[in-house]
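Source file coords15.pdb; content: PDB, C-alpha atoms, pLDDT in the B column.
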ATOM      1  CA  MET A   1     -28.714  10.497  24.890  1.00 51.00           C
ATOM      2  CA  LEU A   2     -29.545  12.560  21.820  1.00 50.00           C
ATOM      3  CA  THR A   3     -25.917  13.705  21.565  1.00 56.00           C
ATOM      4  CA  SER A   4     -24.693  10.087  21.708  1.00 54.00           C
ATOM      5  CA  LEU A   5     -27.148   9.045  19.040  1.00 47.00           C
ATOM      6  CA  PHE A   6     -26.094  11.927  16.769  1.00 49.00           C
ATOM      7  CA  LEU A   7     -22.379  11.224  17.358  1.00 48.00           C
ATOM      8  CA  CYS A   8     -22.690   7.509  16.610  1.00 48.00           C
ATOM      9  CA  GLY A   9     -24.760   8.273  13.495  1.00 51.00           C
ATOM     10  CA  ALA A  10     -22.186  10.777  12.226  1.00 48.00           C
ATOM     11  CA  LEU A  11     -19.314   8.333  12.780  1.00 47.00           C
ATOM     12  CA  GLY A  12     -21.326   5.585  11.096  1.00 48.00           C
ATOM     13  CA  VAL A  13     -21.658   7.762   7.991  1.00 43.00           C
ATOM     14  CA  LEU A  14     -17.902   8.405   8.077  1.00 44.00           C
ATOM     15  CA  LEU A  15     -17.210   4.672   8.161  1.00 43.00           C
ATOM     16  CA  VAL A  16     -19.071   3.939   4.910  1.00 40.00           C
ATOM     17  CA  PRO A  17     -16.393   5.258   2.498  1.00 40.00           C
ATOM     18  CA  VAL A  18     -13.482   4.035   4.621  1.00 40.00           C
ATOM     19  CA  ARG A  19     -11.417   1.087   3.397  1.00 44.00           C
ATOM     20  CA  SER A  20      -7.851   0.060   3.820  1.00 60.00           C
ATOM     21  CA  GLN A  21      -5.369   0.747   1.053  1.00 83.00           C
ATOM     22  CA  LEU A  22      -4.617  -2.088  -1.328  1.00 94.00           C
ATOM     23  CA  ILE A  23      -1.161  -0.687  -2.097  1.00 96.00           C
ATOM     24  CA  SER A  24       1.288   0.921   0.304  1.00 95.00           C
ATOM     25  CA  VAL A  25       4.813   2.238  -0.177  1.00 95.00           C
ATOM     26  CA  CYS A  26       7.393   2.855   2.549  1.00 95.00           C
ATOM     27  CA  ILE A  27      11.121   2.926   3.305  1.00 95.00           C
ATOM     28  CA  GLU A  28      12.594   0.071   5.355  1.00 95.00           C
ATOM     29  CA  GLU A  29      15.210   0.579   8.091  1.00 92.00           C
ATOM     30  CA  ASP A  30      17.996  -0.395   5.674  1.00 93.00           C
ATOM     31  CA  GLU A  31      16.758   2.280   3.199  1.00 92.00           C
ATOM     32  CA  ASP A  32      15.182  -0.241   0.809  1.00 95.00           C
ATOM     33  CA  LEU A  33      11.921   0.710  -0.882  1.00 96.00           C
ATOM     34  CA  ARG A  34       8.989  -1.563  -0.012  1.00 97.00           C
ATOM     35  CA  VAL A  35       5.731  -1.838  -1.945  1.00 97.00           C
ATOM     36  CA  ASP A  36       2.938  -3.989  -0.499  1.00 97.00           C
ATOM     37  CA  CYS A  37       0.146  -4.963  -2.860  1.00 97.00           C
ATOM     38  CA  ARG A  38      -2.844  -6.593  -1.144  1.00 95.00           C
ATOM     39  CA  ILE A  39      -5.096  -7.341  -4.093  1.00 93.00           C
ATOM     40  CA  ASN A  40      -7.111 -10.496  -3.566  1.00 90.00           C
ATOM     41  CA  PRO A  41      -6.519 -12.665  -6.655  1.00 85.00           C
ATOM     42  CA  LYS A  42      -9.410 -14.054  -8.645  1.00 82.00           C
ATOM     43  CA  PRO A  43     -10.244 -17.689  -7.879  1.00 83.00           C
ATOM     44  CA  ASN A  44      -9.265 -20.428 -10.311  1.00 81.00           C
ATOM     45  CA  LYS A  45      -6.702 -18.214 -12.012  1.00 81.00           C
ATOM     46  CA  ILE A  46      -2.922 -18.479 -12.039  1.00 84.00           C
ATOM     47  CA  THR A  47      -1.663 -15.611  -9.915  1.00 89.00           C
ATOM     48  CA  SER A  48       0.669 -13.283 -11.767  1.00 93.00           C
ATOM     49  CA  TYR A  49       2.188 -10.040 -10.547  1.00 96.00           C
ATOM     50  CA  GLU A  50       3.881  -6.948 -11.939  1.00 97.00           C
ATOM     51  CA  PHE A  51       5.430  -4.066  -9.995  1.00 97.00           C
ATOM     52  CA  SER A  52       6.300  -0.837 -11.778  1.00 97.00           C
ATOM     53  CA  TRP A  53       6.597   2.897 -11.322  1.00 95.00           C
ATOM     54  CA  SER A  54       6.147   5.853 -13.551  1.00 95.00           C
ATOM     55  CA  SER A  55       7.424   9.380 -13.459  1.00 89.00           C
ATOM     56  CA  GLY A  56       6.181  11.708 -16.135  1.00 87.00           C
ATOM     57  CA  THR A  57       5.226   9.617 -19.150  1.00 89.00           C
ATOM     58  CA  LYS A  58       7.758   6.783 -18.686  1.00 91.00           C
ATOM     59  CA  GLU A  59       6.673   3.580 -16.952  1.00 94.00           C
ATOM     60  CA  SER A  60       9.428   1.260 -15.708  1.00 95.00           C
ATOM     61  CA  LEU A  61       8.810  -2.420 -14.953  1.00 97.00           C
ATOM     62  CA  ILE A  62      10.628  -3.336 -11.730  1.00 96.00           C
ATOM     63  CA  ASN A  63       9.679  -6.987 -11.159  1.00 97.00           C
ATOM     64  CA  THR A  64       7.285  -9.515 -12.691  1.00 97.00           C
ATOM     65  CA  ASN A  65       6.521 -13.203 -12.930  1.00 96.00           C
ATOM     66  CA  VAL A  66       4.548 -12.789 -16.172  1.00 95.00           C
ATOM     67  CA  SER A  67       5.825 -15.020 -18.933  1.00 93.00           C
ATOM     68  CA  GLY A  68       7.297 -13.003 -21.806  1.00 94.00           C
ATOM     69  CA  SER A  69       7.847  -9.863 -19.687  1.00 94.00           C
ATOM     70  CA  ALA A  70      11.080  -8.825 -18.043  1.00 95.00           C
ATOM     71  CA  ALA A  71      12.132  -6.170 -15.561  1.00 96.00           C
ATOM     72  CA  GLU A  72      14.268  -3.349 -16.870  1.00 95.00           C
ATOM     73  CA  VAL A  73      18.015  -4.007 -16.683  1.00 94.00           C
ATOM     74  CA  GLN A  74      18.599  -1.417 -13.934  1.00 93.00           C
ATOM     75  CA  PHE A  75      16.218  -3.311 -11.596  1.00 94.00           C
ATOM     76  CA  ARG A  76      17.379  -6.873 -12.228  1.00 90.00           C
ATOM     77  CA  ASP A  77      19.007  -8.402  -9.155  1.00 93.00           C
ATOM     78  CA  LYS A  78      17.925  -5.297  -7.165  1.00 95.00           C
ATOM     79  CA  SER A  79      14.368  -6.361  -6.349  1.00 96.00           C
ATOM     80  CA  GLU A  80      12.674  -9.334  -4.797  1.00 96.00           C
ATOM     81  CA  VAL A  81       9.040 -10.298  -4.353  1.00 97.00           C
ATOM     82  CA  VAL A  82       7.540 -12.410  -1.581  1.00 96.00           C
ATOM     83  CA  GLU A  83       3.974 -13.601  -1.123  1.00 94.00           C
ATOM     84  CA  LEU A  84       1.948 -12.059   1.721  1.00 94.00           C
ATOM     85  CA  ASP A  85      -0.485 -13.910   3.953  1.00 91.00           C
ATOM     86  CA  PRO A  86      -3.451 -14.266   3.376  1.00 90.00           C
ATOM     87  CA  TYR A  87      -2.975 -12.760  -0.103  1.00 91.00           C
ATOM     88  CA  GLY A  88      -0.919 -10.230  -1.987  1.00 94.00           C
ATOM     89  CA  TYR A  89       2.761  -9.619  -2.691  1.00 96.00           C
ATOM     90  CA  ARG A  90       5.561  -7.478  -1.247  1.00 97.00           C
ATOM     91  CA  MET A  91       8.257  -6.095  -3.522  1.00 97.00           C
ATOM     92  CA  THR A  92      11.504  -4.793  -2.034  1.00 97.00           C
ATOM     93  CA  LEU A  93      13.836  -2.674  -4.141  1.00 96.00           C
ATOM     94  CA  LYS A  94      17.438  -2.160  -3.020  1.00 95.00           C
ATOM     95  CA  GLY A  95      19.648   0.822  -3.754  1.00 89.00           C
ATOM     96  CA  PHE A  96      17.166   3.264  -5.307  1.00 88.00           C
ATOM     97  CA  THR A  97      15.920   5.304  -2.342  1.00 82.00           C
ATOM     98  CA  ASN A  98      18.308   8.210  -2.944  1.00 83.00           C
ATOM     99  CA  THR A  99      17.600   8.359  -6.677  1.00 83.00           C
ATOM    100  CA  LEU A 100      13.788   8.161  -6.578  1.00 85.00           C
ATOM    101  CA  PRO A 101      12.027  10.658  -8.817  1.00 82.00           C
ATOM    102  CA  HIS A 102      10.336  13.558  -6.984  1.00 83.00           C
ATOM    103  CA  ASN A 103       6.781  12.607  -7.988  1.00 91.00           C
ATOM    104  CA  THR A 104       6.230   8.913  -8.649  1.00 94.00           C
ATOM    105  CA  THR A 105       3.261   6.672  -9.331  1.00 95.00           C
ATOM    106  CA  TYR A 106       3.821   3.197  -7.890  1.00 96.00           C
ATOM    107  CA  MET A 107       1.779   0.425  -9.511  1.00 97.00           C
ATOM    108  CA  CYS A 108       1.087  -3.208  -8.882  1.00 97.00           C
ATOM    109  CA  LYS A 109      -0.933  -5.613 -10.958  1.00 95.00           C
ATOM    110  CA  ILE A 110      -2.070  -8.969  -9.619  1.00 95.00           C
ATOM    111  CA  SER A 111      -3.850 -11.292 -12.047  1.00 91.00           C
ATOM    112  CA  GLY A 112      -4.885  -8.332 -14.198  1.00 90.00           C
ATOM    113  CA  GLN A 113      -6.202  -6.169 -11.327  1.00 93.00           C
ATOM    114  CA  VAL A 114      -4.294  -2.874 -11.043  1.00 95.00           C
ATOM    115  CA  GLN A 115      -3.730  -0.594  -8.044  1.00 96.00           C
ATOM    116  CA  ASN A 116      -1.604   2.539  -7.958  1.00 96.00           C
ATOM    117  CA  ILE A 117      -0.621   5.297  -5.594  1.00 96.00           C
ATOM    118  CA  ASN A 118       1.010   8.619  -6.414  1.00 95.00           C
ATOM    119  CA  LEU A 119       3.569   9.879  -3.880  1.00 94.00           C
ATOM    120  CA  GLU A 120       6.124  12.619  -3.718  1.00 93.00           C
ATOM    121  CA  LYS A 121       9.534  11.575  -2.413  1.00 90.00           C
ATOM    122  CA  GLU A 122       9.007  13.559   0.815  1.00 91.00           C
ATOM    123  CA  GLN A 123       5.763  11.663   1.533  1.00 91.00           C
ATOM    124  CA  LEU A 124       7.493   8.289   1.874  1.00 92.00           C
ATOM    125  CA  GLN A 125       7.238   7.097   5.477  1.00 93.00           C
ATOM    126  CA  PRO A 126       9.325   4.532   7.372  1.00 94.00           C
ATOM    127  CA  CYS A 127       7.950   0.992   7.392  1.00 93.00           C
ATOM    128  CA  SER A 128       7.366   0.943  11.148  1.00 79.00           C
ATOM    129  CA  ALA A 129       4.423  -0.953  12.569  1.00 58.00           C
ATOM    130  CA  VAL A 130       2.906   2.293  13.865  1.00 54.00           C
ATOM    131  CA  SER A 131       3.091   4.122  10.518  1.00 44.00           C
ATOM    132  CA  GLN A 132       1.609   1.119   8.696  1.00 46.00           C
ATOM    133  CA  PHE A 133      -1.176   0.919  11.305  1.00 48.00           C
ATOM    134  CA  LEU A 134      -2.038   4.590  10.845  1.00 49.00           C
ATOM    135  CA  LYS A 135      -1.997   4.306   7.032  1.00 46.00           C
ATOM    136  CA  THR A 136      -5.083   2.105   7.100  1.00 48.00           C
ATOM    137  CA  SER A 137      -7.804   4.637   7.692  1.00 48.00           C
ATOM    138  CA  TRP A 138     -10.188   2.243   9.420  1.00 48.00           C
ATOM    139  CA  SER A 139      -7.643   1.316  12.087  1.00 50.00           C
ATOM    140  CA  TRP A 140      -7.871   4.599  13.961  1.00 52.00           C
ATOM    141  CA  ILE A 141     -11.639   4.974  13.652  1.00 56.00           C
ATOM    142  CA  VAL A 142     -12.488   1.773  15.555  1.00 59.00           C
ATOM    143  CA  PRO A 143     -10.680   2.826  18.782  1.00 62.00           C
ATOM    144  CA  LEU A 144     -12.218   6.279  18.414  1.00 56.00           C
ATOM    145  CA  LEU A 145     -15.702   4.760  18.216  1.00 62.00           C
ATOM    146  CA  ILE A 146     -15.056   2.649  21.306  1.00 67.00           C
ATOM    147  CA  PHE A 147     -13.736   5.644  23.225  1.00 66.00           C
ATOM    148  CA  LEU A 148     -16.693   7.821  22.262  1.00 60.00           C
ATOM    149  CA  TYR A 149     -19.156   5.058  23.076  1.00 66.00           C
ATOM    150  CA  HIS A 150     -17.735   4.666  26.576  1.00 67.00           C
ATOM    151  CA  THR A 151     -17.610   8.402  27.277  1.00 73.00           C
ATOM    152  CA  HIS A 152     -21.178   9.092  26.115  1.00 67.00           C
ATOM    153  CA  CYS A 153     -23.056   6.034  27.343  1.00 63.00           C
TER     154      CYS A 153
END
What would the structure in this file look like if it were written as structure tokens?
Amino acid sequence: MLTSLFLCGALGVLLVPVRSQLISVCIEEDEDLRVDCRINPKPNKITSYEFSWSSGTKESLINTNVSGSAAEVQFRDKSEVVELDPYGYRMTLKGFTNTLPHNTTYMCKISGQVQNINLEKEQLQPCSAVSQFLKTSWSWIVPLLIFLYHTHC
């Protein structure tokens, strides 16, 4: 009983800092780059988005719906953005997987809120359901808690 109590307490402490990622980057089956941005927009505000990446000191705007801004010429007609349910946006970029910089910071901005993730080219994973499930850190802890509860109670 004491072991179960200690184990559940330790896992409870581990759960406090855990949260799912608001931005994820992966490679689709057809070799397109996919960036999902799950920022919840602020209420009563027109939802705008910007997707960009930076390598070194140069930031490149890939796609945007912000008035007065435009994607760089090399990305025009190569990217598309769709809205995600219940909120967020997914940007897909065609034809750049083989020419990605080695170390890249991917950024998304939704209604002024910014998220970014820094990845090396070798860290990019396929966009399979399993890899996306494992990317969200909370998703593997819940089954672990259930398993441990049943084995120690």
**OP:** Run the PyMOL selection byres ((chain A and resi 47) around 10) against the file shown and list the residues it catches, as a ChimeraX atom specification.
**Re:** /A:40-46,48-49,65-66,88,110-112
Any chance you could work out the axis-aligned box around range 105-122 of chain A, listed atoms only, 5 Å on each side, giving centre and edge lengths in Å to one decimal, as AutoDock Vina command-line options?
--center_x 1.7 --center_y 1.1 --center_z -6.7 --size_x 25.7 --size_y 34.9 --size_z 25.0
**OP:** Would you list the contacts of range 99-106 of chain A as a list in words, taking every protein, DNA or RNA residue within 7 Å and counting only C-alpha atoms, but skipping same-chain residues closer than 6 positions in sequence?
**Re:**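 What passes the distance filter is Ser52, Trp53, Ser54, Ser55, Asn116, Ile117, Asn118, Leu119, Glu120 and Lys121 of chain A.
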**OP:** Determine the nearest neighbour of Lys109 in chain A from the options A:Glu31, A:Asp77, A:Ala70, A:Cys37, counting only C-alpha atoms.
**Re:**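 Closest to Lys109 in chain A, using only C-alpha atoms: A:Cys37.
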Original post:
What is the distance, in Å and to one decimal place, between CA of Asp36 in chain A and CA of Tyr89 in chain A?
Top reply: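 That distance, rounded to one decimal, is 6.0 Å.
Distances from A:Ala71, A:Ile27, A:Leu93, A:Lys78 to Glu122 in chain A were compared using all atoms listed in the file, and the smallest one belongs to A:Ile27.
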**OP:** List every protein, DNA or RNA residue with an atom no more than 7 Å from (5.2, -0.1, 1.4) in the file's coordinates, counting only C-alpha atoms, and format the result as a ChimeraX atom specification.
**Re:** /A:24-27,34-36,127
Would you save the residues of that selection, restricted to C-alpha atoms, as a short mmCIF file (atom, residue, chain, number, x, y, z; two decimals), in the coordinates of the input?
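The new file selection_27.cif reads:
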data_model
loop_
_atom_site.label_atom_id
_atom_site.label_comp_id
_atom_site.auth_asym_id
_atom_site.auth_seq_id
_atom_site.Cartn_x
_atom_site.Cartn_y
_atom_site.Cartn_z
CA SER A 24 1.29 0.92 0.30
CA VAL A 25 4.81 2.24 -0.18
CA CYS A 26 7.39 2.86 2.55
CA ILE A 27 11.12 2.93 3.30
CA ARG A 34 8.99 -1.56 -0.01
CA VAL A 35 5.73 -1.84 -1.94
CA ASP A 36 2.94 -3.99 -0.50
CA CYS A 127 7.95 0.99 7.39
#
**OP:** Evaluate the PyMOL selection byres ((chain A and resi 94) around 7) on the structure here and hand back the selected residues as a list in words.
**Re:**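 Taken over the shown coordinates, the PyMOL selection byres ((chain A and resi 94) around 7) returns Asp32, Leu33, Lys78, Ser79, Thr92, Leu93, Gly95 and Phe96 of chain A.
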Given the PyMOL selection byres ((chain A and resi 81) around 6) and the file above, list the residues it selects as a short mmCIF file (atom, residue, chain, number, x, y, z; two decimals) with C-alpha atoms, in the coordinates of the input.
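So part_31.cif came out as:
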data_model
loop_
_atom_site.label_atom_id
_atom_site.label_comp_id
_atom_site.auth_asym_id
_atom_site.auth_seq_id
_atom_site.Cartn_x
_atom_site.Cartn_y
_atom_site.Cartn_z
CA GLU A 80 12.67 -9.33 -4.80
CA VAL A 82 7.54 -12.41 -1.58
CA ARG A 90 5.56 -7.48 -1.25
CA MET A 91 8.26 -6.10 -3.52
#
Original post:
Hey, can you check how far CA of Tyr87 in chain A sits from CA of Ile39 in chain A?
Top reply: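 Interatomic distance here is 7.1 Å.
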**OP:** Please measure the separation of CA of Cys108 in chain A and CA of Ser128 in chain A, giving the value in Å to one decimal.
**Re:**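 For CA of Cys108 in chain A relative to CA of Ser128 in chain A, the distance reads 21.4 Å.
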